[in-house]
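What follows is a short report on a single structure.
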Amino acid sequence: MKYNSMVTQIDELKVQIDQARPLPDTLLKQIREYYRIGFTYSSNAVEGNTLSESETKVVIENGLTIAGKPLKDHMEAVGHSEAYSHICRLAGSAKIAEQDILKLHQLFYQKIDAESAGRYRDVGVVITGTDYIPPDSKKLPHLMQKFVKNLGTWRDKLHPMEFAARAHLEFVMIHPFVDGNGRVARLLMNLVLLQQGYPVTVIPPVVRADYIEALVKKNQGDEQPFLNFISCMVYEAVKDYLRIIKKAV
């Protein structure tokens, strides 16, 4: 499906969501927890986390460990859940500050590596599966300040879906942290969407290959495949959200 056609369909579904608002507080809480598990599982699974969705739920909601699964996988689930809570708190704001981005990484990564959590890397990094080389660590403060400034410009000029996709894409290209950049990029993308009144968009592990390929195309100078990919993901998310609220209300 063509990009412009997808955006039109997203807008039409978004109108239906807006017409159903305001939703009851109890339903909003249930929806928030529904996405906490699904988003945490999917975002971690894309990066190789071995916890299943049901195991992720047990770890987050019951604080239990899963026999035979790495401790790091448990810490990623707990950390991502805490970072998700943070984007929910920021959803009512109309801006994103540099400190907000640092806080997302700090919450996600603190149980894995407290020393690196919430701090820009001071070393070079390699992104597997691509020949793209992220910027030198000395350039990161300036690049991130410019990135945050661009967020304000994109918010004013772009369709919310494109704004979210561009925020995700440009953040990944900067790759400011030693690890966890993909997770923070998807959290940031969803923070943008939530602030614009859109539901959480999940990238299922089943489409991981398409997701990575679209990112690689950006490295080769073509960002359209990534915009197309994210538009499809947002479309599915809006459809799913509408299904949930129609069933519940």
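By convention here, the chains of the structure tokens are called A, B, ... in the order presented, each chain's residues are numbered starting at 1, and ligands are numbered starting at 1 in the order presented.
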Show which residues sit within 9 Å of stretch 56-65 of chain A, as a CSV table (one decimal) with N, CA and C atoms, in the first residue's frame. Count only C-alpha atoms, and ignore same-chain residues fewer than 2 positions away.
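Okay, part_36.csv is ready:
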```
chain,number,residue,atom,x,y,z
A,36,ARG,N,1.8,-2.3,28.2
A,36,ARG,CA,3.0,-2.5,29.0
A,36,ARG,C,3.6,-3.9,28.7
A,37,ILE,N,2.8,-4.9,28.7
A,37,ILE,CA,3.3,-6.2,28.5
A,37,ILE,C,3.7,-6.5,27.0
A,38,GLY,N,2.7,-6.1,26.1
A,38,GLY,CA,3.0,-6.4,24.7
A,38,GLY,C,4.1,-5.6,24.2
A,40,THR,N,6.7,-4.2,25.9
A,40,THR,CA,7.9,-4.6,26.5
A,40,THR,C,8.4,-5.9,25.9
A,41,TYR,N,7.5,-6.9,25.8
A,41,TYR,CA,7.9,-8.2,25.2
A,41,TYR,C,8.5,-8.0,23.8
A,51,LEU,N,12.7,-14.1,26.7
A,51,LEU,CA,11.4,-14.3,27.4
A,51,LEU,C,10.2,-14.2,26.4
A,52,SER,N,9.3,-15.1,26.6
A,52,SER,CA,8.0,-15.1,25.9
A,52,SER,C,7.1,-14.0,26.4
A,53,GLU,N,6.0,-13.7,25.7
A,53,GLU,CA,5.1,-12.7,26.2
A,53,GLU,C,4.5,-13.0,27.6
A,54,SER,N,4.2,-14.3,27.8
A,54,SER,CA,3.6,-14.7,29.0
A,54,SER,C,4.7,-14.7,30.1
A,67,ALA,N,12.9,-20.0,35.2
A,67,ALA,CA,14.0,-21.0,35.2
A,67,ALA,C,14.7,-21.1,33.8
A,69,LYS,N,16.3,-19.0,32.1
A,69,LYS,CA,16.4,-17.7,31.3
A,69,LYS,C,17.4,-16.8,31.9
A,71,LEU,N,19.6,-13.8,33.4
A,71,LEU,CA,19.2,-12.7,34.4
A,71,LEU,C,19.1,-11.4,33.6
A,74,HIS,N,15.6,-10.8,32.3
A,74,HIS,CA,14.7,-10.4,33.3
A,74,HIS,C,14.9,-8.9,33.6
A,77,ALA,N,13.3,-6.8,31.0
A,77,ALA,CA,11.8,-6.7,31.1
A,77,ALA,C,11.4,-5.7,32.1
A,78,VAL,N,12.1,-5.7,33.3
A,78,VAL,CA,11.7,-4.8,34.4
A,78,VAL,C,12.1,-3.4,34.0
A,81,SER,N,9.7,-1.9,31.4
A,81,SER,CA,8.4,-1.6,32.0
A,81,SER,C,8.5,-0.3,32.8
```
Selection: 10 Å around A:Gly92, only C-alpha atoms, excl. self and same-chain fewer than 2 positions, as an MDAnalysis selection string = chainID A and resid 87:90 94:95 191 194:197
Grab the residues selected above and save them as a compact mmCIF listing (two decimals), in the first residue's frame with N, CA and C atoms.
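Result saved to result.txt:
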```txt
# COMPACT_ATOMS: atom_id res chain seq x y z
N ILE A 87 7.14 7.12 29.85
CA ILE A 87 6.55 7.76 28.66
C ILE A 87 5.06 8.00 28.89
N CYS A 88 4.43 7.17 29.71
CA CYS A 88 3.01 7.41 30.04
C CYS A 88 2.88 8.70 30.87
N ARG A 89 3.85 8.94 31.75
CA ARG A 89 3.82 10.17 32.55
C ARG A 89 4.07 11.40 31.68
N LEU A 90 4.88 11.24 30.65
CA LEU A 90 5.23 12.35 29.78
C LEU A 90 4.22 12.57 28.66
N ALA A 94 3.77 18.59 25.82
CA ALA A 94 3.79 18.96 24.41
C ALA A 94 5.21 19.09 23.89
N LYS A 95 6.17 18.58 24.63
CA LYS A 95 7.56 18.65 24.19
C LYS A 95 8.35 17.48 24.76
N LEU A 191 6.51 7.71 22.63
CA LEU A 191 6.25 8.94 23.38
C LEU A 191 5.69 10.00 22.44
N LEU A 194 2.05 9.01 21.63
CA LEU A 194 1.15 9.23 22.76
C LEU A 194 0.86 10.71 22.95
N GLN A 195 1.89 11.54 22.82
CA GLN A 195 1.69 12.98 22.97
C GLN A 195 0.78 13.55 21.90
N GLN A 196 0.70 12.87 20.76
CA GLN A 196 -0.15 13.34 19.65
C GLN A 196 -1.50 12.63 19.64
N GLY A 197 -1.79 11.85 20.70
CA GLY A 197 -3.09 11.22 20.80
C GLY A 197 -3.23 9.89 20.09
```
| message | Using only C-alpha atoms, can you tell me which of A:Thr130, A:Thr201, A:Ser85, A:Ser231 comes closest to A:Ser5? | response |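 Smallest separation from A:Ser5 among the options: A:Ser231.
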> If you count only C-alpha atoms, which residues fall within 9 Å of A:Met189, apart from same-chain ones fewer than 2 positions away, as a ChimeraX atom specification?
Replying inline: /A:163-168,184-187,191-194,200-201
task = Find the spatial neighbours of A:Leu242, counting only C-alpha atoms, within a cut-off of 10 Å - ignore same-chain residues fewer than 4 positions away - and output them as a list in words.
result =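 The residues that qualify are Leu13, Lys14, Gln16, Ile17, Asp18, Ala20, Pro199, Glu236, Ala237, Val238, Lys246, Lys247 and Ala248 of chain A.
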- Residue neighbourhood A:Gln106, 9 Å, only C-alpha atoms, exclusion window fewer than 2 positions, as an MDAnalysis selection string: chainID A and resid 79 83 101:104 108:111 114 116:119
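Pairwise distance (atom CA of A:Leu151, atom CA of A:Asp240) equals 27.0 Å.
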Residue set, stretch 2-238 of chain A restricted to helix (DSSP H, G or I), as JSON, numbers by chain: {"A": [3, 4, 5, 6, 7, 8, 9, 10, 11, 12, 13, 14, 15, 16, 17, 18, 19, 20, 25, 26, 27, 28, 29, 30, 31, 32, 33, 34, 35, 36, 37, 38, 39, 40, 41, 42, 43, 44, 45, 46, 53, 54, 55, 56, 57, 58, 59, 60, 61, 62, 71, 72, 73, 74, 75, 76, 77, 78, 79, 80, 81, 82, 83, 84, 85, 86, 87, 88, 89, 90, 98, 99, 100, 101, 102, 103, 104, 105, 106, 107, 108, 109, 137, 138, 139, 140, 141, 142, 143, 144, 145, 146, 147, 148, 149, 150, 151, 152, 153, 154, 155, 156, 157, 160, 161, 162, 163, 164, 165, 166, 167, 168, 169, 170, 171, 172, 173, 174, 181, 182, 183, 184, 185, 186, 187, 188, 189, 190, 191, 192, 193, 194, 195, 205, 206, 207, 208, 209, 210, 211, 212, 213, 214, 215, 216, 217, 218, 219, 224, 225, 226, 227, 228, 229, 230, 231, 232, 233, 234, 235, 236, 237, 238]}
The residue from A:Tyr241, A:Phe177, A:Tyr211, A:Tyr35 with the smallest atom-to-atom distance to A:Tyr198, counting only C-alpha atoms, is A:Tyr241
Taking only C-alpha atoms into account, which of A:Ala91, A:Ile31, A:Val207, A:Val123 comes nearest A:Lys138?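 Closest to A:Lys138, using only C-alpha atoms: A:Val123.
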From atom CA of A:Met6 to atom CA of A:Pro22 the spacing works out at 25.6 Å
